[in-house]
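Student: Next comes the structure file coords15.cif, holding mmCIF, C-alpha atoms and all ligand atoms.
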data_structure
loop_
_atom_site.group_PDB
_atom_site.id
_atom_site.type_symbol
_atom_site.label_atom_id
_atom_site.label_comp_id
_atom_site.auth_asym_id
_atom_site.auth_seq_id
_atom_site.Cartn_x
_atom_site.Cartn_y
_atom_site.Cartn_z
ATOM 1 C CA MET A 1 141.409 142.521 131.111
ATOM 2 C CA ASP A 2 144.152 139.950 130.881
ATOM 3 C CA LYS A 3 145.067 138.598 127.492
ATOM 4 C CA LYS A 4 144.902 134.797 127.150
ATOM 5 C CA ILE A 5 147.587 133.222 125.008
ATOM 6 C CA LEU A 6 147.842 129.702 123.600
ATOM 7 C CA VAL A 7 151.157 128.227 122.506
ATOM 8 C CA THR A 8 151.141 124.925 120.607
ATOM 9 C CA GLY A 9 154.463 123.133 120.350
ATOM 10 C CA PRO A 10 155.529 124.996 123.526
ATOM 11 C CA PHE A 11 158.386 122.645 124.384
ATOM 12 C CA GLY A 12 160.004 122.465 120.972
ATOM 13 C CA GLN A 13 163.005 124.425 119.808
ATOM 14 C CA ILE A 14 161.115 127.708 119.327
ATOM 15 C CA GLY A 15 158.407 127.279 121.945
ATOM 16 C CA SER A 16 160.812 126.639 124.803
ATOM 17 C CA GLU A 17 162.271 130.130 124.249
ATOM 18 C CA LEU A 18 159.072 131.927 123.242
ATOM 19 C CA VAL A 19 156.949 130.727 126.192
ATOM 20 C CA PRO A 20 159.095 132.381 128.915
ATOM 21 C CA LYS A 21 159.027 135.656 126.945
ATOM 22 C CA LEU A 22 155.231 135.482 126.662
ATOM 23 C CA GLN A 23 154.935 134.631 130.366
ATOM 24 C CA GLU A 24 157.015 137.732 131.193
ATOM 25 C CA ARG A 25 154.771 139.891 129.050
ATOM 26 C CA TYR A 26 151.327 138.555 129.873
ATOM 27 C CA GLY A 27 151.783 136.831 133.224
ATOM 28 C CA LYS A 28 152.303 133.141 133.887
ATOM 29 C CA LYS A 29 148.651 132.372 134.456
ATOM 30 C CA ASN A 30 147.681 133.777 131.045
ATOM 31 C CA VAL A 31 149.947 131.668 128.872
ATOM 32 C CA VAL A 32 148.654 128.169 128.181
ATOM 33 C CA ALA A 33 151.208 125.653 126.914
ATOM 34 C CA LEU A 34 149.621 122.885 124.877
ATOM 35 C CA GLY A 35 152.090 120.034 125.097
ATOM 36 C CA HIS A 36 151.784 116.679 123.401
ATOM 37 C CA ARG A 37 154.142 113.854 124.343
ATOM 38 C CA TYR A 38 157.181 115.549 125.801
ATOM 39 C CA ILE A 39 156.608 117.754 128.858
ATOM 40 C CA PRO A 40 159.749 119.030 130.619
ATOM 41 C CA GLU A 41 159.752 118.220 134.337
ATOM 42 C CA ASP A 42 160.679 121.753 135.310
ATOM 43 C CA TYR A 43 158.000 123.513 133.270
ATOM 44 C CA ASP A 44 156.437 126.237 135.381
ATOM 45 C CA GLY A 45 153.146 127.487 133.976
ATOM 46 C CA VAL A 46 149.662 126.548 132.777
ATOM 47 C CA LEU A 47 149.764 123.211 131.001
ATOM 48 C CA GLU A 48 147.347 121.325 128.783
ATOM 49 C CA GLN A 49 148.087 118.118 126.940
ATOM 50 C CA GLY A 50 146.640 116.920 123.648
ATOM 51 C CA GLY A 51 146.929 116.892 119.866
ATOM 52 C CA VAL A 52 146.363 120.000 117.743
ATOM 53 C CA GLU A 53 144.731 117.851 115.062
ATOM 54 C CA ASP A 54 142.005 116.723 117.501
ATOM 55 C CA GLU A 55 139.083 119.013 116.651
ATOM 56 C CA GLY A 56 136.935 118.264 119.690
ATOM 57 C CA PHE A 57 139.813 118.664 122.074
ATOM 58 C CA MET A 58 140.829 121.997 120.531
ATOM 59 C CA GLU A 59 137.248 123.245 120.675
ATOM 60 C CA ASP A 60 137.053 122.428 124.402
ATOM 61 C CA LEU A 61 140.339 124.221 124.946
ATOM 62 C CA TRP A 62 138.987 127.409 123.374
ATOM 63 C CA LYS A 63 135.805 127.121 125.463
ATOM 64 C CA LYS A 64 137.873 126.803 128.602
ATOM 65 C CA TYR A 65 140.232 129.733 127.983
ATOM 66 C CA ASP A 66 138.752 131.959 125.263
ATOM 67 C CA PHE A 67 142.160 132.764 123.775
ATOM 68 C CA ASP A 68 142.984 136.234 122.459
ATOM 69 C CA GLU A 69 146.136 135.124 120.709
ATOM 70 C CA VAL A 70 147.611 131.863 119.456
ATOM 71 C CA TYR A 71 151.213 130.999 118.652
ATOM 72 C CA HIS A 72 150.800 127.876 116.588
ATOM 73 C CA LEU A 73 154.204 126.196 116.409
ATOM 74 C CA ALA A 74 153.307 122.483 116.609
ATOM 75 C CA SER A 75 154.516 120.735 113.483
ATOM 76 C CA LEU A 76 156.408 117.745 112.170
ATOM 77 C CA LEU A 77 159.655 118.984 110.588
ATOM 78 C CA SER A 78 161.180 118.134 107.230
ATOM 79 C CA ALA A 79 163.130 114.955 107.982
ATOM 80 C CA THR A 80 160.429 113.365 110.163
ATOM 81 C CA GLY A 81 157.850 114.479 107.614
ATOM 82 C CA GLU A 82 159.641 112.490 104.899
ATOM 83 C CA LYS A 83 159.572 109.396 107.104
ATOM 84 C CA ARG A 84 155.890 109.882 107.969
ATOM 85 C CA PRO A 85 154.250 112.015 105.270
ATOM 86 C CA ASP A 86 150.679 111.039 106.204
ATOM 87 C CA LEU A 87 151.214 112.008 109.811
ATOM 88 C CA ALA A 88 152.882 115.266 108.722
ATOM 89 C CA TRP A 89 149.822 116.173 106.667
ATOM 90 C CA LYS A 90 147.484 115.222 109.498
ATOM 91 C CA ILE A 91 149.272 117.206 112.179
ATOM 92 C CA ASN A 92 150.514 120.159 110.150
ATOM 93 C CA MET A 93 147.361 120.770 108.113
ATOM 94 C CA GLY A 94 144.786 119.404 110.554
ATOM 95 C CA GLY A 95 146.312 121.402 113.391
ATOM 96 C CA LEU A 96 146.409 124.639 111.429
ATOM 97 C CA LYS A 97 142.853 124.204 110.147
ATOM 98 C CA ASN A 98 141.583 123.744 113.710
ATOM 99 C CA VAL A 99 143.512 126.777 114.931
ATOM 100 C CA LEU A 100 142.246 128.949 112.070
ATOM 101 C CA ASP A 101 138.612 127.839 112.415
ATOM 102 C CA LEU A 102 138.530 128.357 116.174
ATOM 103 C CA SER A 103 140.372 131.672 115.878
ATOM 104 C CA ARG A 104 137.903 132.861 113.267
ATOM 105 C CA ASP A 105 134.916 131.843 115.398
ATOM 106 C CA ASN A 106 136.352 133.385 118.561
ATOM 107 C CA GLU A 107 138.236 136.363 117.136
ATOM 108 C CA SER A 108 141.678 135.257 118.298
ATOM 109 C CA ARG A 109 144.803 136.564 116.559
ATOM 110 C CA VAL A 110 147.087 133.951 115.017
ATOM 111 C CA PHE A 111 150.826 133.577 114.650
ATOM 112 C CA TRP A 112 151.851 130.550 112.642
ATOM 113 C CA ALA A 113 155.343 129.262 111.881
ATOM 114 C CA SER A 114 156.215 128.776 108.224
ATOM 115 C CA SER A 115 159.642 127.946 106.864
ATOM 116 C CA ILE A 116 162.200 128.241 104.083
ATOM 117 C CA ALA A 117 160.937 124.742 103.245
ATOM 118 C CA VAL A 118 158.157 126.378 101.181
ATOM 119 C CA PHE A 119 160.804 126.894 98.518
ATOM 120 C CA GLY A 120 161.941 124.209 96.119
ATOM 121 C CA PRO A 121 164.394 123.457 93.313
ATOM 122 C CA THR A 122 162.618 125.811 90.876
ATOM 123 C CA THR A 123 162.851 128.771 93.282
ATOM 124 C CA PRO A 124 165.636 131.334 92.681
ATOM 125 C CA LEU A 125 168.500 130.097 94.844
ATOM 126 C CA ASN A 126 170.100 133.353 95.968
ATOM 127 C CA GLY A 127 168.319 136.326 97.493
ATOM 128 C CA THR A 128 165.019 134.472 97.111
ATOM 129 C CA PRO A 129 162.280 137.098 96.751
ATOM 130 C CA GLN A 130 159.157 137.338 98.899
ATOM 131 C CA ASN A 131 156.870 136.458 95.982
ATOM 132 C CA THR A 132 158.344 133.617 94.022
ATOM 133 C CA ILE A 133 157.883 130.048 92.820
ATOM 134 C CA LEU A 134 156.833 127.687 95.615
ATOM 135 C CA GLU A 135 157.250 124.069 94.523
ATOM 136 C CA PRO A 136 158.649 122.248 97.553
ATOM 137 C CA VAL A 137 159.792 118.623 97.327
ATOM 138 C CA THR A 138 159.142 117.675 100.968
ATOM 139 C CA MET A 139 155.786 116.921 102.584
ATOM 140 C CA TYR A 140 156.781 119.428 105.240
ATOM 141 C CA GLY A 141 157.176 122.076 102.534
ATOM 142 C CA VAL A 142 153.879 121.069 100.947
ATOM 143 C CA THR A 143 152.091 121.593 104.268
ATOM 144 C CA LYS A 144 153.826 124.937 104.772
ATOM 145 C CA VAL A 145 152.833 126.281 101.330
ATOM 146 C CA SER A 146 149.260 125.048 101.819
ATOM 147 C CA GLY A 147 149.230 126.544 105.297
ATOM 148 C CA GLU A 148 150.445 129.911 104.041
ATOM 149 C CA LEU A 149 147.660 130.019 101.483
ATOM 150 C CA LEU A 150 145.131 129.020 104.125
ATOM 151 C CA CYS A 151 146.307 131.803 106.445
ATOM 152 C CA GLN A 152 145.993 134.335 103.654
ATOM 153 C CA TYR A 153 142.563 132.970 102.727
ATOM 154 C CA TYR A 154 141.240 133.297 106.289
ATOM 155 C CA ASN A 155 142.565 136.834 106.430
ATOM 156 C CA GLU A 156 140.921 137.859 103.174
ATOM 157 C CA LYS A 157 137.697 135.913 103.554
ATOM 158 C CA TYR A 158 137.038 136.322 107.274
ATOM 159 C CA GLY A 159 139.240 139.247 108.282
ATOM 160 C CA LEU A 160 141.174 136.995 110.662
ATOM 161 C CA ASP A 161 144.436 138.600 111.810
ATOM 162 C CA THR A 162 146.920 135.939 110.679
ATOM 163 C CA ARG A 163 150.661 136.594 110.790
ATOM 164 C CA SER A 164 153.519 134.308 109.907
ATOM 165 C CA LEU A 165 157.269 134.042 109.360
ATOM 166 C CA ARG A 166 159.230 131.798 107.034
ATOM 167 C CA TYR A 167 161.844 130.876 109.605
ATOM 168 C CA PRO A 168 165.264 129.889 108.317
ATOM 169 C CA GLY A 169 167.263 127.182 110.130
ATOM 170 C CA LEU A 170 167.195 128.174 113.792
ATOM 171 C CA ILE A 171 170.239 127.907 116.029
ATOM 172 C CA SER A 172 169.623 127.589 119.747
ATOM 173 C CA TRP A 173 171.068 126.036 122.875
ATOM 174 C CA LYS A 174 168.099 125.627 125.250
ATOM 175 C CA GLU A 175 166.196 122.913 123.418
ATOM 176 C CA LYS A 176 167.511 120.809 120.549
ATOM 177 C CA PRO A 177 165.649 120.856 117.246
ATOM 178 C CA GLY A 178 164.030 117.544 116.366
ATOM 179 C CA GLY A 179 163.635 115.931 112.985
ATOM 180 C CA GLY A 180 164.688 118.840 110.803
ATOM 181 C CA THR A 181 167.211 119.215 108.007
ATOM 182 C CA THR A 182 169.008 122.206 109.502
ATOM 183 C CA ASP A 183 169.661 120.291 112.756
ATOM 184 C CA TYR A 184 173.336 119.754 111.785
ATOM 185 C CA ALA A 185 174.051 123.405 112.516
ATOM 186 C CA VAL A 186 173.034 122.858 116.149
ATOM 187 C CA GLU A 187 174.486 119.352 116.558
ATOM 188 C CA MET A 188 177.952 120.647 115.644
ATOM 189 C CA PHE A 189 178.109 122.867 118.715
ATOM 190 C CA TYR A 190 177.343 119.953 121.039
ATOM 191 C CA LYS A 191 180.001 117.750 119.469
ATOM 192 C CA ALA A 192 182.629 120.494 119.563
ATOM 193 C CA ILE A 193 182.085 121.083 123.280
ATOM 194 C CA GLU A 194 181.887 117.369 124.052
ATOM 195 C CA GLY A 195 185.225 116.921 122.293
ATOM 196 C CA GLU A 196 183.831 114.490 119.751
ATOM 197 C CA LYS A 197 184.143 114.201 116.016
ATOM 198 C CA TYR A 198 180.979 115.197 114.141
ATOM 199 C CA THR A 199 179.620 113.341 111.154
ATOM 200 C CA CYS A 200 177.716 115.950 109.198
ATOM 201 C CA PHE A 201 174.756 114.724 107.141
ATOM 202 C CA VAL A 202 175.035 117.461 104.504
ATOM 203 C CA ARG A 203 177.963 118.392 102.275
ATOM 204 C CA GLU A 204 180.569 120.912 103.370
ATOM 205 C CA ASP A 205 179.436 123.396 100.690
ATOM 206 C CA THR A 206 175.739 123.231 101.656
ATOM 207 C CA GLU A 207 174.633 126.799 102.207
ATOM 208 C CA LEU A 208 171.370 127.697 103.949
ATOM 209 C CA PRO A 209 169.760 130.710 105.582
ATOM 210 C CA MET A 210 170.043 130.531 109.381
ATOM 211 C CA MET A 211 169.185 132.622 112.427
ATOM 212 C CA TYR A 212 170.038 132.735 116.101
ATOM 213 C CA MET A 213 166.980 131.946 118.219
ATOM 214 C CA GLU A 214 167.028 135.219 120.123
ATOM 215 C CA ASP A 215 166.541 137.052 116.827
ATOM 216 C CA ALA A 216 163.778 134.674 115.765
ATOM 217 C CA VAL A 217 161.822 135.121 119.001
ATOM 218 C CA ARG A 218 162.231 138.900 118.944
ATOM 219 C CA GLY A 219 161.121 138.955 115.293
ATOM 220 C CA THR A 220 158.042 136.912 116.173
ATOM 221 C CA LEU A 221 157.003 139.281 118.951
ATOM 222 C CA GLU A 222 157.728 142.348 116.824
ATOM 223 C CA LEU A 223 155.587 140.994 114.022
ATOM 224 C CA MET A 224 152.714 140.385 116.454
ATOM 225 C CA ASP A 225 153.177 143.886 117.929
ATOM 226 C CA ALA A 226 153.098 145.621 114.538
ATOM 227 C CA GLU A 227 150.096 147.752 113.599
ATOM 228 C CA GLU A 228 147.642 145.828 111.467
ATOM 229 C CA GLU A 229 147.834 148.304 108.585
ATOM 230 C CA ASN A 230 151.575 147.648 108.290
ATOM 231 C CA ILE A 231 151.121 143.950 107.643
ATOM 232 C CA GLY A 232 151.319 143.638 103.874
ATOM 233 C CA VAL A 233 151.956 139.895 103.738
ATOM 234 C CA ARG A 234 149.364 137.406 104.976
ATOM 235 C CA THR A 235 150.941 134.272 103.565
ATOM 236 C CA SER A 236 154.259 134.438 105.434
ATOM 237 C CA TYR A 237 157.174 136.861 105.572
ATOM 238 C CA ASN A 238 160.658 135.935 104.384
ATOM 239 C CA HIS A 239 162.674 136.248 107.573
ATOM 240 C CA SER A 240 166.417 136.213 107.373
ATOM 241 C CA ALA A 241 169.597 136.951 109.274
ATOM 242 C CA LEU A 242 172.703 135.084 108.087
ATOM 243 C CA ASN A 243 173.701 132.434 105.571
ATOM 244 C CA PHE A 244 176.604 130.085 105.789
ATOM 245 C CA LYS A 245 178.005 126.907 104.329
ATOM 246 C CA ALA A 246 178.335 123.958 106.709
ATOM 247 C CA GLY A 247 182.121 124.235 106.317
ATOM 248 C CA GLU A 248 182.077 127.923 107.244
ATOM 249 C CA LEU A 249 180.316 127.155 110.506
ATOM 250 C CA VAL A 250 182.925 124.503 111.252
ATOM 251 C CA GLU A 251 185.720 127.034 110.668
ATOM 252 C CA GLU A 252 184.088 129.545 112.990
ATOM 253 C CA ILE A 253 183.677 126.918 115.740
ATOM 254 C CA GLN A 254 187.295 125.834 115.229
ATOM 255 C CA LYS A 255 188.415 129.324 116.240
ATOM 256 C CA TYR A 256 187.345 128.283 119.762
ATOM 257 C CA TYR A 257 187.856 124.525 119.424
ATOM 258 C CA PRO A 258 190.840 124.105 117.059
ATOM 259 C CA GLY A 259 190.748 120.326 117.484
ATOM 260 C CA PHE A 260 187.112 120.006 116.386
ATOM 261 C CA GLU A 261 186.889 117.481 113.555
ATOM 262 C CA VAL A 262 184.090 117.011 111.064
ATOM 263 C CA GLU A 263 183.529 114.464 108.343
ATOM 264 C CA TYR A 264 180.805 114.745 105.755
ATOM 265 C CA GLU A 265 178.436 111.882 104.999
ATOM 266 C CA PRO A 266 175.404 113.294 103.218
ATOM 267 C CA ASP A 267 172.217 111.282 103.729
ATOM 268 C CA GLU A 268 168.647 111.670 102.467
ATOM 269 C CA ARG A 269 168.400 115.085 104.150
ATOM 270 C CA GLN A 270 170.870 116.482 101.602
ATOM 271 C CA LYS A 271 168.062 116.506 99.050
ATOM 272 C CA ASN A 272 165.935 118.727 101.292
ATOM 273 C CA ALA A 273 168.834 121.088 101.883
ATOM 274 C CA ASP A 274 169.636 121.243 98.157
ATOM 275 C CA SER A 275 166.042 122.205 97.397
ATOM 276 C CA TRP A 276 166.130 125.227 99.726
ATOM 277 C CA PRO A 277 167.683 128.643 98.996
ATOM 278 C CA ASN A 278 171.197 129.772 99.904
ATOM 279 C CA SER A 279 169.833 133.120 101.020
ATOM 280 C CA VAL A 280 166.469 134.877 101.101
ATOM 281 C CA ASP A 281 165.494 138.501 100.584
ATOM 282 C CA ASP A 282 163.540 139.662 103.625
ATOM 283 C CA SER A 283 163.312 143.345 102.694
ATOM 284 C CA LYS A 284 159.509 143.209 102.921
ATOM 285 C CA ALA A 285 159.706 142.360 106.645
ATOM 286 C CA ARG A 286 162.299 145.105 107.111
ATOM 287 C CA GLU A 287 160.112 147.681 105.320
ATOM 288 C CA ASP A 288 156.710 146.692 106.732
ATOM 289 C CA TRP A 289 157.459 146.272 110.423
ATOM 290 C CA GLY A 290 161.112 147.184 110.864
ATOM 291 C CA TRP A 291 162.673 143.731 111.132
ATOM 292 C CA ASP A 292 166.419 143.775 111.726
ATOM 293 C CA HIS A 293 168.661 140.955 112.893
ATOM 294 C CA GLU A 294 171.280 141.370 115.563
ATOM 295 C CA TYR A 295 173.371 138.206 115.338
ATOM 296 C CA ASP A 296 175.862 137.576 112.562
ATOM 297 C CA LEU A 297 177.910 134.378 112.299
ATOM 298 C CA GLU A 298 180.734 135.486 114.639
ATOM 299 C CA LYS A 299 178.424 136.796 117.337
ATOM 300 C CA MET A 300 176.077 133.814 117.094
ATOM 301 C CA VAL A 301 178.887 131.253 117.428
ATOM 302 C CA LYS A 302 180.402 133.079 120.395
ATOM 303 C CA VAL A 303 177.111 133.303 122.298
ATOM 304 C CA MET A 304 176.073 129.753 121.395
ATOM 305 C CA LEU A 305 179.316 128.326 122.718
ATOM 306 C CA GLU A 306 179.202 130.387 125.927
ATOM 307 C CA ASN A 307 175.649 129.299 126.711
ATOM 308 C CA LEU A 308 176.076 125.694 125.724
ATOM 309 C CA GLU A 309 179.318 125.344 127.685
ATOM 310 C CA ARG A 310 177.487 126.575 130.750
ATOM 311 C CA LYS A 311 174.580 124.211 130.093
ATOM 312 C CA LEU A 312 176.709 121.125 129.479
ATOM 313 C CA ASN A 313 179.310 121.596 132.209
HETATM 314 N N1 LIG B 401 164.488 123.738 110.384
HETATM 315 C C1 LIG B 401 163.458 123.188 109.575
HETATM 316 C C2 LIG B 401 163.823 121.857 109.062
HETATM 317 O O1 LIG B 401 164.987 121.645 108.873
HETATM 318 C C3 LIG B 401 163.180 124.082 108.407
HETATM 319 O O2 LIG B 401 162.078 124.861 108.693
HETATM 320 O O3 LIG B 401 162.997 121.049 108.831
#
Render the structure in this file as structure tokens.
Ligand code: SER

Tutor:
Amino acid sequence: MDKKILVTGPFGQIGSELVPKLQERYGKKNVVALGHRYIPEDYDGVLEQGGVEDEGFMEDLWKKYDFDEVYHLASLLSATGEKRPDLAWKINMGGLKNVLDLSRDNESRVFWASSIAVFGPTTPLNGTPQNTILEPVTMYGVTKVSGELLCQYYNEKYGLDTRSLRYPGLISWKEKPGGGTTDYAVEMFYKAIEGEKYTCFVREDTELPMMYMEDAVRGTLELMDAEEENIGVRTSYNHSALNFKAGELVEEIQKYYPGFEVEYEPDERQKNADSWPNSVDDSKAREDWGWDHEYDLEKMVKVMLENLERKLN
């Protein structure tokens, strides 16, 4: 029998790259994209439209499709979450609660996106361990820590198969990120290619864990493919690839665009960035289900520029 898959947040930065991969695997008719406001004109697949926090709507959706697996990506990110904390709580927590309840009642498997935003200023800054202090300063981070605990609770209490990754800043060219703190790392590429000066909203020495999207999507699918007995973490796995300072990314881009200019004008997002680690230790993911990244800084910058040049020209 065909597997039915639900993707929430299907047209965001991650979803827009995960959905085609899921369609390839399970067939177009079996992957349901639950969009909200923004629906790309060229989207080719099964489409539903509504809010993840709407309990009745989500219940009807499950009745209609009887999902086997859910990729729950819909979320307000860190910068938007600071502007609208109440809405962030409503969407991030309300959405996850609905997904977990319906998955429990209908025996669906769940993937949920967590983030390095679960960490905070009291967390060890370098090589952040899997099990550590989680005292985030953003509402986004608060919802991610609460969500991780909820996922673990549903696994322990109800035996629900919940799996999750603490994504670092994700670098991609297909869809722009929206409302996050790590967005500068993507914006830079656009400005370099467009021949414009970039005003970076974090300091030059701001260092954060990052990952090329292809790695992130592959990691997500590998985690979902892993045998259940190998999953030792039901909150969310540290998931890491590379770390760089904003200035180091600029230097790497300048190898291709020597005239690329950047000035630094930190804004309120600097505080979020400062509260997150420089690097995280993801050895648990590597041991449990064989995670390994493919893209380092050089390779990521090269491929990003090639793809984005093609897209923009
Ligand atoms: N990229 C996200 C953000 O900046 C972190 O998960 O909000």

Student: Within 6 Å of ligand LIG 401 (chain B), which residues show up when you count all atoms listed in the file? List them as a list of chain:residue names, please.

Tutor: A:Leu77, A:Ser78, A:Ser115, A:Ile116, A:Ala117, A:Pro168, A:Gly169, A:Gly180, A:Thr181, A:Thr182

Student: Please build the interface table for range 220-252 of chain A against range 298-306 of chain A with a cut-off of 12 Å, listing for each qualifying residue the nearest atom pair and the distance in Å to one decimal; count all atoms listed in the file, order rows by chain and increasing number, and write it as CSV.

Tutor:
residue,atom,partner,partner_atom,distance
A:Ala241,CA,A:Met300,CA,10.6
A:Leu242,CA,A:Met300,CA,9.7
A:Asn243,CA,A:Met300,CA,11.8
A:Phe244,CA,A:Glu298,CA,11.2
A:Glu248,CA,A:Glu298,CA,10.7
A:Leu249,CA,A:Val301,CA,8.2
A:Val250,CA,A:Val301,CA,10.0
A:Glu251,CA,A:Val301,CA,10.5
A:Glu252,CA,A:Glu298,CA,7.0

Student: Since I can't run it myself right now, could you work out what the PyMOL selection byres (((chain A and resi 104) around 9) and not hetatm) selects here and report it as a list in words?

Tutor: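 For this structure, the PyMOL selection byres (((chain A and resi 104) around 9) and not hetatm) captures Val99, Leu100, Asp101, Leu102, Ser103, Asp105, Asn106, Glu107, Ser108, Arg109, Tyr154, Tyr158, Gly159, Leu160 and Asp161 of chain A.
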
Student: Grab all the atoms of range 189-208 of chain A that the file lists, wrap them in a box along x, y and z, add 3 Å per side, and give me centre plus edge lengths in Å (one decimal) as AutoDock Vina command-line options.

Tutor:
--center_x 178.3 --center_y 120.5 --center_z 112.4 --size_x 19.9 --size_y 20.4 --size_z 29.4

Student: Between A:Asp44, A:Val202, A:Gly95, A:Thr162, single out the one closest to Asn272 in chain A, counting only C-alpha atoms.

Tutor: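 The closest residue to Asn272 in chain A is A:Val202.
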
Student: So how far away is CA of Val46 in chain A from CA of Arg25 in chain A, in Å?

Tutor: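 Going from CA of Arg25 in chain A over to CA of Val46 in chain A covers 14.8 Å.
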
Student: Report the distance between CA of Glu156 in chain A and CA of Thr128 in chain A in Å, rounded to one decimal place.

Tutor: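 One can read the CA of Glu156 in chain A to CA of Thr128 in chain A distance as 25.1 Å.
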
Student: For a quick check of understanding, using all atoms listed in the file, which of A:Tyr295, A:Asp288, A:Asn98, A:Gly51 has the smallest distance to Glu228 in chain A?

Tutor: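 Nearest to Glu228 in chain A: A:Asp288.
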
Student: Can you work out the spacing between CA of Ala285 in chain A and CA of Ala226 in chain A in Å, to one decimal?

Tutor: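 Between CA of Ala285 in chain A and CA of Ala226 in chain A the gap works out to 10.8 Å.
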
Student: Can you pull out every residue within 12 Å of Lys21 in chain A, counting all atoms listed in the file, but drop anything in the same chain fewer than 6 positions away, and send it as a compact mmCIF listing (two decimals) with C-alpha atoms, in the coordinates of the input?

Tutor:
# COMPACT_ATOMS: atom_id res chain seq x y z
CA ILE A 5 147.59 133.22 125.01
CA VAL A 7 151.16 128.23 122.51
CA PRO A 10 155.53 125.00 123.53
CA ILE A 14 161.12 127.71 119.33
CA GLY A 15 158.41 127.28 121.94
CA GLY A 27 151.78 136.83 133.22
CA LYS A 28 152.30 133.14 133.89
CA VAL A 31 149.95 131.67 128.87
CA GLU A 214 167.03 135.22 120.12
CA VAL A 217 161.82 135.12 119.00
CA ARG A 218 162.23 138.90 118.94
CA THR A 220 158.04 136.91 116.17
CA LEU A 221 157.00 139.28 118.95

Student: My list of candidates is A:Phe57, A:Phe119, A:Tyr264, A:Phe11. Which is closest to His36 in chain A when distances are computed with only C-alpha atoms?

Tutor: A:Phe11

Student: Given the file above and the PyMOL selection byres (((chain A and resi 206) around 8) and not hetatm), which residues are selected, and can you give them as a PyMOL selection string?

Tutor: chain A and resi 202-205+207-208+245-247+273-274

Student: Given all atoms listed in the file as the basis, pick out the residue of A:Leu149, A:Val118, A:Leu312, A:Leu61 nearest to Val137 in chain A.

Tutor: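 So, comparing all the options, the nearest one is A:Val118.
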
Student: Please enumerate the residues selected by the PyMOL selection byres (((chain A and resi 34) around 8) and not hetatm) when evaluated against the supplied file, formatted as a PyMOL selection string.

Tutor: chain A and resi 6-10+32-33+35-36+47-50

Student: Taking the block above, write range 215-255 of chain A with C-alpha atoms as a PDB file, in the first residue's frame.

Tutor:
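Produced file result_35.pdb, reproduced below:
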ATOM      1  CA  ASP A 215      23.144  17.798   3.630  1.00  0.00           C
ATOM      2  CA  ALA A 216      20.217  18.840   5.813  1.00  0.00           C
ATOM      3  CA  VAL A 217      17.639  17.152   3.577  1.00  0.00           C
ATOM      4  CA  ARG A 218      19.713  13.982   3.263  1.00  0.00           C
ATOM      5  CA  GLY A 219      20.192  13.932   7.049  1.00  0.00           C
ATOM      6  CA  THR A 220      16.443  14.279   7.552  1.00  0.00           C
ATOM      7  CA  LEU A 221      15.653  11.347   5.274  1.00  0.00           C
ATOM      8  CA  GLU A 222      18.425   9.224   6.778  1.00  0.00           C
ATOM      9  CA  LEU A 223      17.113   9.860  10.263  1.00  0.00           C
ATOM     10  CA  MET A 224      13.609   8.815   9.181  1.00  0.00           C
ATOM     11  CA  ASP A 225      15.031   5.712   7.453  1.00  0.00           C
ATOM     12  CA  ALA A 226      17.015   4.587  10.506  1.00  0.00           C
ATOM     13  CA  GLU A 227      15.904   1.501  12.423  1.00  0.00           C
ATOM     14  CA  GLU A 228      13.831   2.416  15.445  1.00  0.00           C
ATOM     15  CA  GLU A 229      16.183   0.685  17.883  1.00  0.00           C
ATOM     16  CA  ASN A 230      19.021   2.949  16.731  1.00  0.00           C
ATOM     17  CA  ILE A 231      17.208   6.122  17.706  1.00  0.00           C
ATOM     18  CA  GLY A 232      18.624   6.989  21.110  1.00  0.00           C
ATOM     19  CA  VAL A 233      17.484  10.612  21.192  1.00  0.00           C
ATOM     20  CA  ARG A 234      13.794  11.520  21.202  1.00  0.00           C
ATOM     21  CA  THR A 235      14.166  15.185  22.055  1.00  0.00           C
ATOM     22  CA  SER A 236      16.234  16.246  19.035  1.00  0.00           C
ATOM     23  CA  TYR A 237      19.646  15.355  17.638  1.00  0.00           C
ATOM     24  CA  ASN A 238      22.484  17.866  17.422  1.00  0.00           C
ATOM     25  CA  HIS A 239      23.077  18.047  13.687  1.00  0.00           C
ATOM     26  CA  SER A 240      26.164  19.749  12.414  1.00  0.00           C
ATOM     27  CA  ALA A 241      28.370  20.236   9.386  1.00  0.00           C
ATOM     28  CA  LEU A 242      30.473  23.417   9.368  1.00  0.00           C
ATOM     29  CA  ASN A 243      31.006  26.545  11.437  1.00  0.00           C
ATOM     30  CA  PHE A 244      32.206  29.878  10.234  1.00  0.00           C
ATOM     31  CA  LYS A 245      32.432  33.511  11.203  1.00  0.00           C
ATOM     32  CA  ALA A 246      30.474  35.960   9.049  1.00  0.00           C
ATOM     33  CA  GLY A 247      33.810  37.428   7.917  1.00  0.00           C
ATOM     34  CA  GLU A 248      35.111  34.008   6.881  1.00  0.00           C
ATOM     35  CA  LEU A 249      32.126  33.483   4.610  1.00  0.00           C
ATOM     36  CA  VAL A 250      32.754  36.885   3.053  1.00  0.00           C
ATOM     37  CA  GLU A 251      36.386  35.941   2.361  1.00  0.00           C
ATOM     38  CA  GLU A 252      35.348  32.685   0.726  1.00  0.00           C
ATOM     39  CA  ILE A 253      32.799  34.472  -1.498  1.00  0.00           C
ATOM     40  CA  GLN A 254      35.423  37.092  -2.379  1.00  0.00           C
ATOM     41  CA  LYS A 255      37.545  34.348  -3.937  1.00  0.00           C
TER      42      LYS A 255
END
